[in-house]
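Have a look at the structure below before the remarks.
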Amino acid sequence: MAHYVSKMLLPLADIVIDLHSGGTSLLYFPCCLIRVGKTEAETARLVELMHVFGAPIGSISDGSGGGGATTLSATAQVLGIPALTTELGGGPWATSAAPPSAISLARRNT
């Protein structure tokens with residue numbers, strides 16, 4: 001599956017938005033995450049993407065921890081595709097009972 005996504009689907013994409021929830025074991029505040037770009041201009045575009053998405057919390061990572069080189073965002077970056085990862089709740093709210101802010105963000109941005 002990862003091979004198909006990285007070799008067949010991603011090259012067709014203009015942008016990647018990876019929507020997550022914490023599942024049944026974690027509860028995340030609605031947030032968005034980006035990796036530092038290869039250039040200052042790329043980082044600025046990614047920061048703008050975070051602002052446009054509108055999550056109340058944003059984080060910028062160098063992607064060096066926790067298998068960061070093998071993530072969807074890392075693969076998109078290698079291909080030159082802007083990528084935004086989100087966390088939109090989780091725990092017992094991983095359904096339509098999610099916190100309203102998470103549902104609003106997901107609906108507004110899909």
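Chain labels follow the order of the structure tokens: the first chain is A, the next B, and so on; residue numbering restarts at 1 in every chain, and ligands are counted from 1 in their shown order.
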
Fewer than 6 positions away in the same chain doesn't count, so skip those; otherwise give me all residues within 12 Å of stretch 44-50 of chain A, counting only C-alpha atoms, as a PyMOL selection string. chain A and resi 15-17+31-38+56-61+73+77+80-86+105+109

With DSSP run on the backbone, what are the strand (DSSP E) residues within stretch 29-82 of chain A? I'd like them as a PyMOL selection string. chain A and resi 31-35+57-61

Just write the chosen residues, all heavy atoms, as a CSV table (one decimal), in the first residue's frame.
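Printed below is selection_1.csv as written:
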chain,number,residue,atom,x,y,z
A,31,CYS,N,-5.0,20.2,15.9
A,31,CYS,CA,-3.7,20.8,15.6
A,31,CYS,C,-3.3,20.4,14.2
A,31,CYS,O,-3.8,19.5,13.6
A,31,CYS,CB,-2.6,20.5,16.6
A,31,CYS,SG,-2.1,18.8,16.6
A,32,CYS,N,-2.3,21.2,13.6
A,32,CYS,CA,-1.7,20.8,12.4
A,32,CYS,C,-0.2,20.8,12.5
A,32,CYS,O,0.4,21.5,13.3
A,32,CYS,CB,-2.2,21.7,11.2
A,32,CYS,SG,-2.0,23.4,11.5
A,33,LEU,N,0.5,20.0,11.7
A,33,LEU,CA,1.9,19.8,11.8
A,33,LEU,C,2.5,19.8,10.4
A,33,LEU,O,2.0,19.3,9.5
A,33,LEU,CB,2.2,18.4,12.4
A,33,LEU,CG,1.3,18.0,13.6
A,33,LEU,CD1,1.1,16.5,13.7
A,33,LEU,CD2,2.0,18.5,14.9
A,34,ILE,N,3.7,20.5,10.4
A,34,ILE,CA,4.4,20.5,9.1
A,34,ILE,C,5.9,20.2,9.4
A,34,ILE,O,6.3,20.3,10.6
A,34,ILE,CB,4.3,21.9,8.4
A,34,ILE,CG1,4.9,23.0,9.3
A,34,ILE,CG2,2.9,22.2,7.9
A,34,ILE,CD1,5.1,24.3,8.6
A,35,ARG,N,6.6,19.9,8.4
A,35,ARG,CA,8.0,19.7,8.5
A,35,ARG,C,8.7,21.0,7.9
A,35,ARG,O,8.1,21.6,7.1
A,35,ARG,CB,8.5,18.5,7.6
A,35,ARG,CG,7.9,17.2,8.0
A,35,ARG,CD,8.2,16.1,7.0
A,35,ARG,NE,9.6,16.0,6.7
A,35,ARG,CZ,10.4,15.0,7.2
A,35,ARG,NH1,9.9,14.1,8.0
A,35,ARG,NH2,11.6,14.9,6.8
A,57,ILE,N,-3.8,25.1,17.0
A,57,ILE,CA,-2.4,24.9,17.4
A,57,ILE,C,-1.7,24.4,16.1
A,57,ILE,O,-2.2,23.6,15.3
A,57,ILE,CB,-2.3,23.8,18.5
A,57,ILE,CG1,-3.0,24.2,19.7
A,57,ILE,CG2,-0.9,23.4,18.8
A,57,ILE,CD1,-3.2,23.1,20.8
A,58,GLY,N,-0.4,24.9,15.9
A,58,GLY,CA,0.4,24.4,14.8
A,58,GLY,C,1.8,24.1,15.3
A,58,GLY,O,2.2,24.7,16.3
A,59,SER,N,2.4,23.2,14.7
A,59,SER,CA,3.8,22.8,15.1
A,59,SER,C,4.6,22.5,13.9
A,59,SER,O,4.2,22.0,12.9
A,59,SER,CB,3.7,21.5,15.9
A,59,SER,OG,5.0,21.0,16.3
A,60,ILE,N,5.9,23.0,14.0
A,60,ILE,CA,6.9,22.8,12.9
A,60,ILE,C,8.0,21.8,13.4
A,60,ILE,O,8.5,22.1,14.5
A,60,ILE,CB,7.5,24.1,12.5
A,60,ILE,CG1,6.4,25.1,12.0
A,60,ILE,CG2,8.5,23.9,11.3
A,60,ILE,CD1,6.9,26.5,11.7
A,61,SER,N,8.2,20.8,12.7
A,61,SER,CA,9.2,19.8,13.1
A,61,SER,C,10.3,19.7,12.1
A,61,SER,O,10.1,19.9,10.9
A,61,SER,CB,8.5,18.4,13.3
A,61,SER,OG,9.5,17.4,13.4

What is the atom CA of A:Ala2-atom CA of A:Phe53 distance in Å, reported with one decimal?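 Separation between atom CA of A:Ala2 and atom CA of A:Phe53: 25.3 Å.
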
Looking at A:Leu72, A:Thr39, A:Glu87, A:Val78, which one is nearest to A:Val5, with distances taken over only C-alpha atoms? A:Leu72

How would you write, as a count of residues only, the set of residues in stretch 9-101 of chain A that DSSP gives as helix (DSSP H, G or I)? 33
